[in-house]
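First comes the structure, then the notes that go with it.
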Amino acid sequence: QVQLVESGGGLVQAGGSLRLSCAASGYTFSAYAMGWFRQASGNEREFVAAINWSGAYTYYSDSVKGRFTISRDDAKNTVYLIMNTLKPEDTAVYYCARDRTVRRTTGEIRLMDTYNYWGQGTQVTVSS
């Protein structure tokens, strides 16, 4: 069965960096787009970043563009989110997710409805 396991969260000071990892199993990793979303306490889950199945295209929310980088290593079945210049407002539980469509060529991978498998989340806390 499909499993997504996030790791790498923690407590960091403002201006610091973290690298989140999402290890996937149970399917052909290289055939699906992957996304990162986050949910702060009391807020709705929101899009952070996504990478298409081939790795050729990446997308970011305006709030993280220029600070976060999404990448994938198909040999390791892992998607990464490198987070630099972290701000207190980046504090949230971060989730990785898998696209519901194999080798998607149309549609919007920034939308939550695009994804049908989710990890359990990893907490990121940025202190001021």
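We label chains A, B, ... in the order they appear in the structure tokens, count residues from 1 in each chain, and number ligands from 1 in the order shown.
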
Against stretch 41-45 of chain A, which residues of stretch 88-123 of chain A fall within 9 Å? For each one I want the closest pair of atoms and the distance in Å (one decimal), counting only C-alpha atoms, rows by chain and increasing residue number, as CSV.
```
residue,atom,partner,partner_atom,distance
A:Thr91,CA,A:Ser41,CA,8.8
A:Ala92,CA,A:Ser41,CA,6.9
A:Val93,CA,A:Ser41,CA,8.3
A:Met112,CA,A:Arg45,CA,8.5
```

Store the residues of this selection in a file with N, CA, C and O atoms, as a CSV table (one decimal), in the first residue's frame.
```
chain,number,residue,atom,x,y,z
A,91,THR,N,5.8,28.4,10.9
A,91,THR,CA,5.5,27.4,11.9
A,91,THR,C,4.2,26.7,11.6
A,91,THR,O,3.1,27.3,11.3
A,92,ALA,N,4.2,25.3,11.5
A,92,ALA,CA,3.1,24.5,11.0
A,92,ALA,C,3.5,23.1,11.0
A,92,ALA,O,4.6,22.7,11.2
A,93,VAL,N,2.5,22.2,10.8
A,93,VAL,CA,2.7,20.8,10.5
A,93,VAL,C,2.8,20.7,9.0
A,93,VAL,O,1.9,21.2,8.3
A,112,MET,N,-5.2,21.1,-3.4
A,112,MET,CA,-5.2,20.0,-2.5
A,112,MET,C,-6.0,18.8,-3.1
A,112,MET,O,-5.6,17.6,-2.8
```

Cut-off 6 Å: closest stretch 69-93 of chain A/stretch 4-22 of chain A atom pairs per residue, using only C-alpha atoms, as JSON lines:
```
{"residue": "A:Thr78", "atom": "CA", "partner": "A:Cys22", "partner_atom": "CA", "distance": 5.4}
{"residue": "A:Val79", "atom": "CA", "partner": "A:Cys22", "partner_atom": "CA", "distance": 5.2}
{"residue": "A:Tyr80", "atom": "CA", "partner": "A:Ser21", "partner_atom": "CA", "distance": 4.6}
{"residue": "A:Leu81", "atom": "CA", "partner": "A:Leu20", "partner_atom": "CA", "distance": 5.0}
{"residue": "A:Ile82", "atom": "CA", "partner": "A:Arg19", "partner_atom": "CA", "distance": 4.4}
{"residue": "A:Met83", "atom": "CA", "partner": "A:Leu18", "partner_atom": "CA", "distance": 5.2}
{"residue": "A:Asn84", "atom": "CA", "partner": "A:Ser17", "partner_atom": "CA", "distance": 4.4}
{"residue": "A:Thr85", "atom": "CA", "partner": "A:Gly15", "partner_atom": "CA", "distance": 4.2}
{"residue": "A:Leu86", "atom": "CA", "partner": "A:Gly15", "partner_atom": "CA", "distance": 4.9}
{"residue": "A:Lys87", "atom": "CA", "partner": "A:Ala14", "partner_atom": "CA", "distance": 5.0}
```

What would the file look like if the residues just selected were written as an mmCIF file, in the first residue's frame with N, CA, C and O atoms?
```cif
data_model
loop_
_atom_site.group_PDB
_atom_site.id
_atom_site.type_symbol
_atom_site.label_atom_id
_atom_site.label_comp_id
_atom_site.auth_asym_id
_atom_site.auth_seq_id
_atom_site.Cartn_x
_atom_site.Cartn_y
_atom_site.Cartn_z
ATOM 1 N N THR A 78 12.192 9.598 -2.701
ATOM 2 C CA THR A 78 12.094 10.622 -1.676
ATOM 3 C C THR A 78 11.922 12.001 -2.314
ATOM 4 O O THR A 78 12.572 12.311 -3.321
ATOM 5 N N VAL A 79 11.064 12.784 -1.718
ATOM 6 C CA VAL A 79 10.910 14.185 -2.095
ATOM 7 C C VAL A 79 11.373 15.032 -0.911
ATOM 8 O O VAL A 79 11.154 14.663 0.246
ATOM 9 N N TYR A 80 12.027 16.134 -1.236
ATOM 10 C CA TYR A 80 12.614 16.992 -0.213
ATOM 11 C C TYR A 80 12.005 18.383 -0.263
ATOM 12 O O TYR A 80 11.554 18.853 -1.306
ATOM 13 N N LEU A 81 12.048 19.053 0.886
ATOM 14 C CA LEU A 81 11.706 20.471 0.938
ATOM 15 C C LEU A 81 12.796 21.143 1.755
ATOM 16 O O LEU A 81 12.887 20.938 2.968
ATOM 17 N N ILE A 82 13.634 21.905 1.075
ATOM 18 C CA ILE A 82 14.682 22.659 1.750
ATOM 19 C C ILE A 82 14.117 24.029 2.073
ATOM 20 O O ILE A 82 13.654 24.745 1.187
ATOM 21 N N MET A 83 14.165 24.362 3.347
ATOM 22 C CA MET A 83 13.560 25.602 3.825
ATOM 23 C C MET A 83 14.651 26.502 4.407
ATOM 24 O O MET A 83 15.285 26.140 5.398
ATOM 25 N N ASN A 84 14.860 27.624 3.775
ATOM 26 C CA ASN A 84 15.848 28.599 4.227
ATOM 27 C C ASN A 84 15.166 29.872 4.715
ATOM 28 O O ASN A 84 14.004 30.131 4.402
ATOM 29 N N THR A 85 15.923 30.665 5.444
ATOM 30 C CA THR A 85 15.436 31.951 5.952
ATOM 31 C C THR A 85 14.055 31.777 6.588
ATOM 32 O O THR A 85 13.098 32.500 6.256
ATOM 33 N N LEU A 86 13.948 30.842 7.479
ATOM 34 C CA LEU A 86 12.658 30.534 8.083
ATOM 35 C C LEU A 86 12.161 31.684 8.937
ATOM 36 O O LEU A 86 12.941 32.418 9.569
ATOM 37 N N LYS A 87 10.841 31.821 8.934
ATOM 38 C CA LYS A 87 10.169 32.889 9.680
ATOM 39 C C LYS A 87 9.197 32.253 10.678
ATOM 40 O O LYS A 87 8.722 31.128 10.451
#
```

Taking the DSSP assignment computed from this structure's backbone, write out as number ranges by chain all residues of stretch 4-122 of chain A that belong to strand (DSSP E or B). A: 4-7, 10-13, 18-25, 34-39, 46-51, 58-60, 68-73, 78-83, 92-99, 115-118, 122

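Using only C-alpha atoms, the nearest neighbour of A:Pro88 within the list A:Ala50, A:Val124, A:Ala33, A:Ala24 is A:Val124.
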
Do you know which residues are at most 7 Å from A:Thr114 counting only C-alpha atoms, after dropping those on the same chain fewer than 4 positions away, and could you put them as a PyMOL selection string? chain A and resi 99-100+109

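Neighbouring residues of A:Val64 at 9 Å or closer, counting only C-alpha atoms and skipping chain neighbours under 5 positions away, are A:Val48, A:Ala49, A:Thr69, A:Met83, A:Asp90.
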
Write out, as a compact mmCIF listing (two decimals), in the first residue's frame, the residues just selected, with N, CA, C and O atoms.
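File out_37.txt, as written:
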```
# COMPACT_ATOMS: atom_id res chain seq x y z
N VAL A 48 2.22 24.60 -0.27
CA VAL A 48 3.56 25.16 -0.10
C VAL A 48 4.37 25.03 -1.38
O VAL A 48 4.88 26.01 -1.90
N ALA A 49 4.51 23.79 -1.88
CA ALA A 49 5.34 23.55 -3.05
C ALA A 49 4.93 22.24 -3.70
O ALA A 49 4.36 21.36 -3.04
N THR A 69 12.87 25.25 -1.47
CA THR A 69 13.15 24.52 -2.70
C THR A 69 12.64 23.10 -2.56
O THR A 69 12.99 22.40 -1.60
N MET A 83 14.17 24.36 3.35
CA MET A 83 13.56 25.60 3.83
C MET A 83 14.65 26.50 4.41
O MET A 83 15.29 26.14 5.40
N ASP A 90 6.20 30.52 9.37
CA ASP A 90 6.34 29.22 8.73
C ASP A 90 6.02 28.07 9.69
O ASP A 90 5.98 26.91 9.27
```

Let me make sure I understand: among A:Tyr115, A:Gly26, A:Arg38, A:Ile51, which one has the smallest atom-to-atom distance to A:Ser63 if we use only C-alpha atoms? A:Arg38

One decimal, Å: what's the distance from atom CA of A:Phe37 over to atom CA of A:Ala97, could you say? 7.7 Å

So, counting only C-alpha atoms, which residue among A:Ala40, A:Val2, A:Ala31, A:Val126 is closest to A:Tyr95?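 Under the stated criterion, the closest residue is A:Ala40.
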
If you run DSSP on this backbone, which residues of chain A come out as helix (DSSP H, G or I), and could you give them as a PyMOL selection string? chain A and resi 29-31+88-90+112-114

For atom CA of A:Tyr94 and atom CA of A:Tyr32, the interatomic separation in Å (one decimal):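 Separation between atom CA of A:Tyr94 and atom CA of A:Tyr32: 19.2 Å.
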
For A:Trp53, the closest of A:Thr125, A:Thr105, A:Gln120, A:Ser30 counting only C-alpha atoms is A:Ser30

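Atom pair atom CA of A:Asp74 / atom CA of A:Ser54: separated by 9.3 Å.
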
Name the closest residue to A:Arg104 among the candidates A:Glu46, A:Met34, A:Glu89, A:Ser71; distances are taken between atoms, counting only C-alpha atoms.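 Smallest separation from A:Arg104 among the options: A:Met34.
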